[in-house]
Amino acid sequence: MILRFLLISVIVLISFNSTTAEDFVRNLPSEDMQKWLTPERFQNHDAVIILKEQSFLINDKDVFYRGAELRGKSTMRNTITIVKLFNDAAVKRYGSYEHEYHEWFGDEIPNGIEVKVRVLKPDKSIWVMPEDNTQIIVSRRNKSGDPITRKMIFKIPNLAVGDILQIEEHFTEVFVRSYSGLFFYNDKDYILFSNLYLTFPFKEDVEFLSFPESRIGKPTIQQVSKSFGAGKTYFWSVKDLNPIPDEPYSRPFAEQSMLTAFVVKSSDFISLGEWQRTSKNFYEDYLEDDDIDSDEIETLGFSESYKDSIVTWDTVDKLYTALRKNIVLSGFNSLYPSSEDISSIFETKKGDASDVAYIMYKILQQWNQNVNIVWVRDRRDGLFEYSVPSRLWFDRCAVKVVINDHTKYYDFDRSIPYQYELPWFINPIDILTIEEEGFKKERIQKFPNMYDNRFTELHNLTFDDQFGVNDSLVINFTGSAAEDFRGKHYSDENDKIISVVKNDMGKLCLSEYDTVGVNDFFYNKDVNICLSGKSAINVDKIEDKYVFSVKNYNLAGFYEKMYTVLRRSDIVFHSPFEIVMEWNVKIPEGYTILNDNLNKKQFIFTSNMYSYLNFTF
Amino acid sequence: MKAVKLLSAALIFVVLYSCSNYSLKKDMLQPNALNELTYPKVKANQTVYFKKTLIYTDDNKLFIKRHRILKLGSNLKSAPEILYTYDYSLEKLLNCEARVLRNNEKVAYYKLKDFHTMSLSNARMISDAKVRILPVTDVLNTGDVVEIISQHEQTFPELGNILTPAEAGTNVHNAEFVVEYPVSDTIYYKTVNAQLKPDYHHDETTSQMIFKLNTYLEPLDKNYFDYKNKEAAIYVNKKINPVSDQIPNWNEFGNWYLNLINERLHATPEICQLAEDLTKNLSSDKIKMDTIFQYIQKNVRYEQEYLEYGGIIPNPPATILTRKYGDCKDYSLIMYLMAKCVGLNPDLTLCYRGRGIEFYDELPVSQFNHMILHLNSDSSDFWYDGTNRTGISGITTADLINQKGLVIKKDHTQLINIDESDKNQLAVTGSLWQNSKSLNADLQIVLSSQYAIKFFYLSDYLNTADFYNYMIDWIHNNLGSNLNVEDLSWQKGSKDFTIYLETEIPNSIVEIDDYSYLSLKKIFNHLIPEKIINPEAEPSINYYPDYGRILIDLKFPEYVESDSVQGVDAFHLEFKSQLPPGPFDTETRKLFIRQYREILEEYAQIYKLNVRG
């Protein structure tokens, strides 16, 4: 009954353009629906999004620029959110608004943004936000004073618990760089209805794919748009969508959310829409540029003679290591390498993963090796869907090398050590190998083993005269454990790393420090941390006996990160792993051990166990 | 609250001297001077030269010049983050120039026009603050030197200034602080945490005070009970009231501030009408003030929006009430005006929110990041902090306990201590049962009075899932790190906050022979921080950062104490702590240390138990 009411109410809500407030595309919900939306019905939810609506239109646009008429693709995105706020946390979250966007052409051809906001109060009054309440600021300028990014910001006055808020944003982007799109239906809050409108010119041949298709269904042709120009508008609507908050050990948002993607199969303006075309274009545009200068290769420690010598895996690994040591990786990647200006990468010694992958690819090509660029979508972002041929899926380029029928993949993420290893976040994944004539779909799959991804800690415990405990502790991470640690600290100086080690790791085991040391984990495959000092262990004297429990970092830290009372998504571990803990306890002279547990020196825990060990002597 | 942080940040950051034709380039160090700088050879980035100059002018302006030389360490990946300067209405950037040197050869030279500009406004904070970023990352190498000189004007010299090497990083060498002023002026200063004596230089028109400090390294391990602001610093101000014969004092500071915000101190008829409607038929001043406070904290939400001078001057009162959001200054101002409308006499009060910061009161130099309201009624001091949104009338949150509040009153501004509420308490009660070597417990945790306010706020303003996580973290940090939380719920009272907790406490029971042994420390290993206080460390025992007032009453239905007669009542573990919060003077420090040691002994006491017959 409730659902039927909900359905009728929302259909009424979304089916008619506003007649009472001309400027708003959608009506506010009916009075009955307002009453129906109570926090009691939505326990533990901060807010409920009554309507999330995304509209996207792409068409040709003429722009007059300094006397010339330029023609290119332009997009318009309308985003409508109608949300009921159940608590102050929601007021805080929705009460401030920010949208930052790039100005690709500075002030010459600016993008456009406008927003309309209104609030329906519990007393049925409606407040419409005046235009001057919003600010559009230049959030970043280059040294010439040209805007690089702009930001729309505003705060909504007098917003309170129980209000229904409507935000309609209209964003126009000129001369767009991407010609495909992914649209996610879910959000951080519960959604009653999530709608999507996509409008294309008649001449475009567009393919749509939705996941899961059984839930989203096929589009209906909603209208032949007059307001957005001549074209077809396709419409989807999904109801009752669960919230997807950020939670530790969960799948990425893109994997949890339902989505629809479109691909333009053919157009008179641009030819994309198939992997074959898009990969071939990429090859021609980005991979066919000039060779790497031999002087630049020499700066990496490789002489001209390598060109004619037999290249072994050892050579390739050394090349990878040399590139990592010599070029600082930037924090953000683009799929597109700076192949036309690769000498600047050598000059500045900075580049992103695709830039450095391109250099490695070119050098190995110059050495006559069997080498390809591959497109990578990182598992941290989610899986990519092959049936949607769009470059938007991919984060960066990596390198595939084949020697004597054996294949290795070299990735340039900050988490990977200079001594190359295949990281967890590209194993296993599907990739596209880019070739002169197109592409091949392949899979990186070196079955991960829990012994490769290991957290270990070794404690050497000794006692002073007063039965204070000293600990000499070695914590070691390998595989995914080390990669996660390395990625977090790529930009940190040694002092910062030491400080983090002490505050985040050591404090669980030590109360005072004598020494703290960390190995060169940027180069080495493992992270090795040595700490010594006064242990956090307390020894209790009971009668004539001394009792203590050992402390550990790995399980305690793991538990803290994983446990939460209100969890909405599944717990997912990205790779199998092993936790190994060992305590060597030097018993003071004259004492004997009473506890049988000490016969067993090493304890191995699987990931679903927790335990504290009691030694009595 | 954050709004006034800008005020402090204004004093801590940015730069100097105006003079339209003044060239910064000529101040840059010559190669021989660079070679003479001494500093350790380390892998980390370090500031090898830092000079901050305050220039007071005849027309009561204050310019600040910063000159910093960075030697880049082996990890260039972190270098770009430090190559910036700020620009906002409280400290206006006038000029900035920089160069990159490699082996004393110039690699690149930059003028202000070469800097990128980034606005600091975002969804949370709308402000006029900008960051100017030096785009040098492309040319940097390990061992390079980056030299930056910047000039700012401090809009309000009356706020004073703090000269400290900590402003230039955690490892700073060859620091120099100069105060330049007309010979007719007098400059007042106070040095803290270091024996710094100035050299004086005079010419016909200008005097200079010069302080030098060879090395500043941020200590890696500070005493747990010591202040956080232990860096060497020089607090500087000049006369706030130019016609006064007195040394600058807080009263003059208060008058200056009231004058600065004078335009904001007038209530509109709507504000007064609202105040009158709210307080109609109410009798005492305290009840009226409480009512205004409750209305404002409920109906005005906390948002940071400060544009021109908004870091120090509240928004217009009519605007605050219309849009129903504001920061700490806005909350305080609107409550102040409403109270005035109905005949009350409250005072705006500046303070520092956050414990463990030593306040230096000898010289009026701004050390504030927060504003609240003070009301003296029936000879008692009451404090109103609307920012908390769900606070308790008349008292502050626990992070303001024993802080100095600058109570601003025309001609009678004074520093008043914000006393701790005697109702503060962290009480844990409940029952515990044995489960192998663990204990299972149903606990009720009650935080009262000032201890409760933070929980009131977070329970309303954190997303529900985040608040659960906050409580779990709080339990691990303040009760026991080994508590496995099995279920959790909470209840908000008018003056206390209760957490209902079902938990397992592994390894909290030791069994030897036929007896079971336990201690409070084994059950709640983070309830009291166990720190050894050596005699030589005693002078740095300055405050107690944790919950001082604790009451524990735990029942163990399965046990009796071993020396009890079988069949008597179940074992009760009772514990009470009442440690003073500090800051300590010599006498209270001794008292604290003695009480702390006694508490630790009781905390570690082991109880020998039998299973009940």
# chains A, B, ... in the order shown; residues from 1 in each chain; ligands from 1
call {"tool": "interface_residues", "arguments": {"of": "chain A", "to": "chain B", "cutoff": "6 Å", "atoms": "only C-alpha atoms", "output": "PyMOL selection string"}}
result
chain A and resi 88-89+96-98+139-143+157-158+348+491+564+566
call {"tool": "select_by_dssp", "arguments": {"residues": "segment 126-172 of chain A", "states": "strand (DSSP E or B)", "output": "PyMOL selection string"}}
result
chain A and resi 126-128+135-141+147-155+164-172
call {"tool": "write_last_selection", "arguments": {"atoms": "N, CA and C atoms", "output": "compact mmCIF listing (two decimals), in the first residue's frame"}}
result
# COMPACT_ATOMS: atom_id res chain seq x y z
N ILE A 126 6.95 28.55 0.67
CA ILE A 126 8.05 28.22 -0.26
C ILE A 126 8.98 29.42 -0.36
N TRP A 127 10.23 29.15 -0.13
CA TRP A 127 11.24 30.21 -0.26
C TRP A 127 12.07 29.93 -1.51
N VAL A 128 12.19 30.92 -2.36
CA VAL A 128 12.98 30.77 -3.59
C VAL A 128 14.27 31.57 -3.42
N GLN A 135 27.46 32.64 -5.88
CA GLN A 135 28.68 33.29 -6.36
C GLN A 135 29.37 32.34 -7.34
N ILE A 136 29.83 32.90 -8.43
CA ILE A 136 30.69 32.13 -9.33
C ILE A 136 32.06 32.79 -9.27
N ILE A 137 33.00 32.08 -8.71
CA ILE A 137 34.33 32.66 -8.53
C ILE A 137 35.34 31.91 -9.39
N VAL A 138 36.41 32.59 -9.69
CA VAL A 138 37.53 31.90 -10.35
C VAL A 138 38.30 31.21 -9.22
N SER A 139 38.29 29.91 -9.23
CA SER A 139 38.94 29.20 -8.13
C SER A 139 40.42 29.00 -8.38
N ARG A 140 40.81 29.06 -9.65
CA ARG A 140 42.24 28.97 -9.93
C ARG A 140 42.54 29.74 -11.21
N ARG A 141 43.58 30.55 -11.16
CA ARG A 141 44.02 31.30 -12.34
C ARG A 141 45.44 30.90 -12.65
N PRO A 147 41.37 32.28 -16.15
CA PRO A 147 40.81 31.26 -15.27
C PRO A 147 41.11 29.85 -15.77
N ILE A 148 41.54 28.99 -14.84
CA ILE A 148 41.73 27.57 -15.15
C ILE A 148 40.49 26.81 -14.69
N THR A 149 40.03 27.16 -13.50
CA THR A 149 38.80 26.54 -12.99
C THR A 149 37.91 27.63 -12.41
N ARG A 150 36.62 27.38 -12.48
CA ARG A 150 35.64 28.25 -11.82
C ARG A 150 34.84 27.40 -10.84
N LYS A 151 34.20 28.09 -9.94
CA LYS A 151 33.46 27.39 -8.91
C LYS A 151 32.16 28.14 -8.64
N MET A 152 31.06 27.41 -8.63
CA MET A 152 29.83 28.03 -8.12
C MET A 152 29.68 27.61 -6.67
N ILE A 153 29.48 28.58 -5.80
CA ILE A 153 29.30 28.26 -4.39
C ILE A 153 28.13 29.07 -3.83
N PHE A 154 27.44 28.46 -2.91
CA PHE A 154 26.43 29.22 -2.16
C PHE A 154 26.04 28.44 -0.91
N LYS A 155 25.45 29.16 0.01
CA LYS A 155 24.86 28.55 1.20
C LYS A 155 23.37 28.88 1.20
N ILE A 164 11.95 20.55 2.67
CA ILE A 164 12.19 19.86 1.40
C ILE A 164 12.93 20.84 0.48
N LEU A 165 14.07 20.42 0.03
CA LEU A 165 14.96 21.29 -0.73
C LEU A 165 14.97 20.85 -2.19
N GLN A 166 14.90 21.81 -3.08
CA GLN A 166 14.98 21.51 -4.51
C GLN A 166 16.12 22.33 -5.11
N ILE A 167 17.04 21.64 -5.75
CA ILE A 167 18.16 22.30 -6.42
C ILE A 167 18.15 21.86 -7.88
N GLU A 168 18.12 22.82 -8.76
CA GLU A 168 18.18 22.51 -10.20
C GLU A 168 19.40 23.24 -10.77
N GLU A 169 20.33 22.45 -11.25
CA GLU A 169 21.54 23.04 -11.82
C GLU A 169 21.57 22.82 -13.32
N HIS A 170 21.96 23.87 -14.03
CA HIS A 170 22.03 23.81 -15.49
C HIS A 170 23.46 24.18 -15.87
N PHE A 171 24.16 23.22 -16.48
CA PHE A 171 25.57 23.44 -16.78
C PHE A 171 25.81 23.20 -18.26
N THR A 172 26.39 24.19 -18.91
CA THR A 172 26.68 24.09 -20.34
C THR A 172 28.18 24.09 -20.57
call {"tool": "select_by_dssp", "arguments": {"residues": "segment 200-355 of chain A", "states": "helix (DSSP H, G or I)", "output": "PyMOL selection string"}}
result
chain A and resi 213-216+253-256+275-287+294-299+304-308+313-326+339-348+353-355
call {"tool": "closest_residue", "arguments": {"among": "B:Pro157, B:Leu24, B:Trp433, B:Phe177", "to": "Asn241 of chain B", "atoms": "only C-alpha atoms"}}
result
B:Pro157
call {"tool": "residues_around", "arguments": {"residues": "segment 535-548 of chain A", "least_positions_apart": "6", "cutoff": "9 Å", "atoms": "only C-alpha atoms", "output": "list in words"}}
result
Leu461, Phe467, Gly468, Val469, Asn470, Asp471, Ser472, Lys507, Leu508, Cys509, Leu510, Ser511, Glu512, Tyr513, Leu613, Asn614, Phe615, Thr616 and Phe617 of chain A; Val510, Ile512, Tyr517, Lys522, Ala604, Ile606 and Lys608 of chain B
call {"tool": "write_last_selection", "arguments": {"atoms": "C-alpha atoms", "output": "mmCIF file, in the first residue's frame"}}
result
data_model
loop_
_atom_site.group_PDB
_atom_site.id
_atom_site.type_symbol
_atom_site.label_atom_id
_atom_site.label_comp_id
_atom_site.auth_asym_id
_atom_site.auth_seq_id
_atom_site.Cartn_x
_atom_site.Cartn_y
_atom_site.Cartn_z
ATOM 1 C CA LEU A 461 60.179 -8.778 24.626
ATOM 2 C CA PHE A 467 59.180 -5.929 35.400
ATOM 3 C CA GLY A 468 58.755 -3.134 32.925
ATOM 4 C CA VAL A 469 58.660 -4.575 29.406
ATOM 5 C CA ASN A 470 60.887 -3.512 26.536
ATOM 6 C CA ASP A 471 59.939 -4.396 23.006
ATOM 7 C CA SER A 472 62.049 -4.543 19.888
ATOM 8 C CA LYS A 507 51.216 3.525 19.901
ATOM 9 C CA LEU A 508 49.302 0.262 19.990
ATOM 10 C CA CYS A 509 52.406 -1.570 21.142
ATOM 11 C CA LEU A 510 54.826 0.954 22.630
ATOM 12 C CA SER A 511 54.431 3.667 25.227
ATOM 13 C CA GLU A 512 57.878 5.235 24.754
ATOM 14 C CA TYR A 513 60.335 5.037 21.880
ATOM 15 C CA LEU A 613 47.629 -14.166 24.132
ATOM 16 C CA ASN A 614 48.209 -14.540 27.815
ATOM 17 C CA PHE A 615 51.589 -15.647 28.994
ATOM 18 C CA THR A 616 52.054 -16.410 32.650
ATOM 19 C CA PHE A 617 55.376 -17.139 34.204
ATOM 20 C CA VAL B 510 43.317 -14.002 34.768
ATOM 21 C CA ILE B 512 45.322 -18.862 38.645
ATOM 22 C CA TYR B 517 41.936 -11.860 39.114
ATOM 23 C CA LYS B 522 42.781 -4.599 32.561
ATOM 24 C CA ALA B 604 46.058 -0.858 38.688
ATOM 25 C CA ILE B 606 44.220 -6.267 41.296
ATOM 26 C CA LYS B 608 41.255 -11.575 43.829
#
call {"tool": "closest_atom_pairs", "arguments": {"of": "segment 316-429 of chain A", "to": "segment 478-483 of chain A", "cutoff": "6 Å", "atoms": "only C-alpha atoms", "output": "CSV"}}
result
residue,atom,partner,partner_atom,distance
A:Ser415,CA,A:Glu483,CA,4.7
A:Ile416,CA,A:Glu483,CA,5.9
A:Trp424,CA,A:Ser480,CA,5.7
call {"tool": "residues_around", "arguments": {"residues": "segment 269-286 of chain B", "least_positions_apart": "5", "cutoff": "10 Å", "atoms": "only C-alpha atoms", "output": "count of residues only"}}
result
25
call {"tool": "residues_around", "arguments": {"residues": "Ala194 of chain B", "least_positions_apart": "6", "cutoff": "12 Å", "atoms": "only C-alpha atoms", "output": "JSON, numbers by chain"}}
result
{"B": [164, 165, 211, 212, 213, 214, 215, 216, 230, 231, 232, 233, 234]}
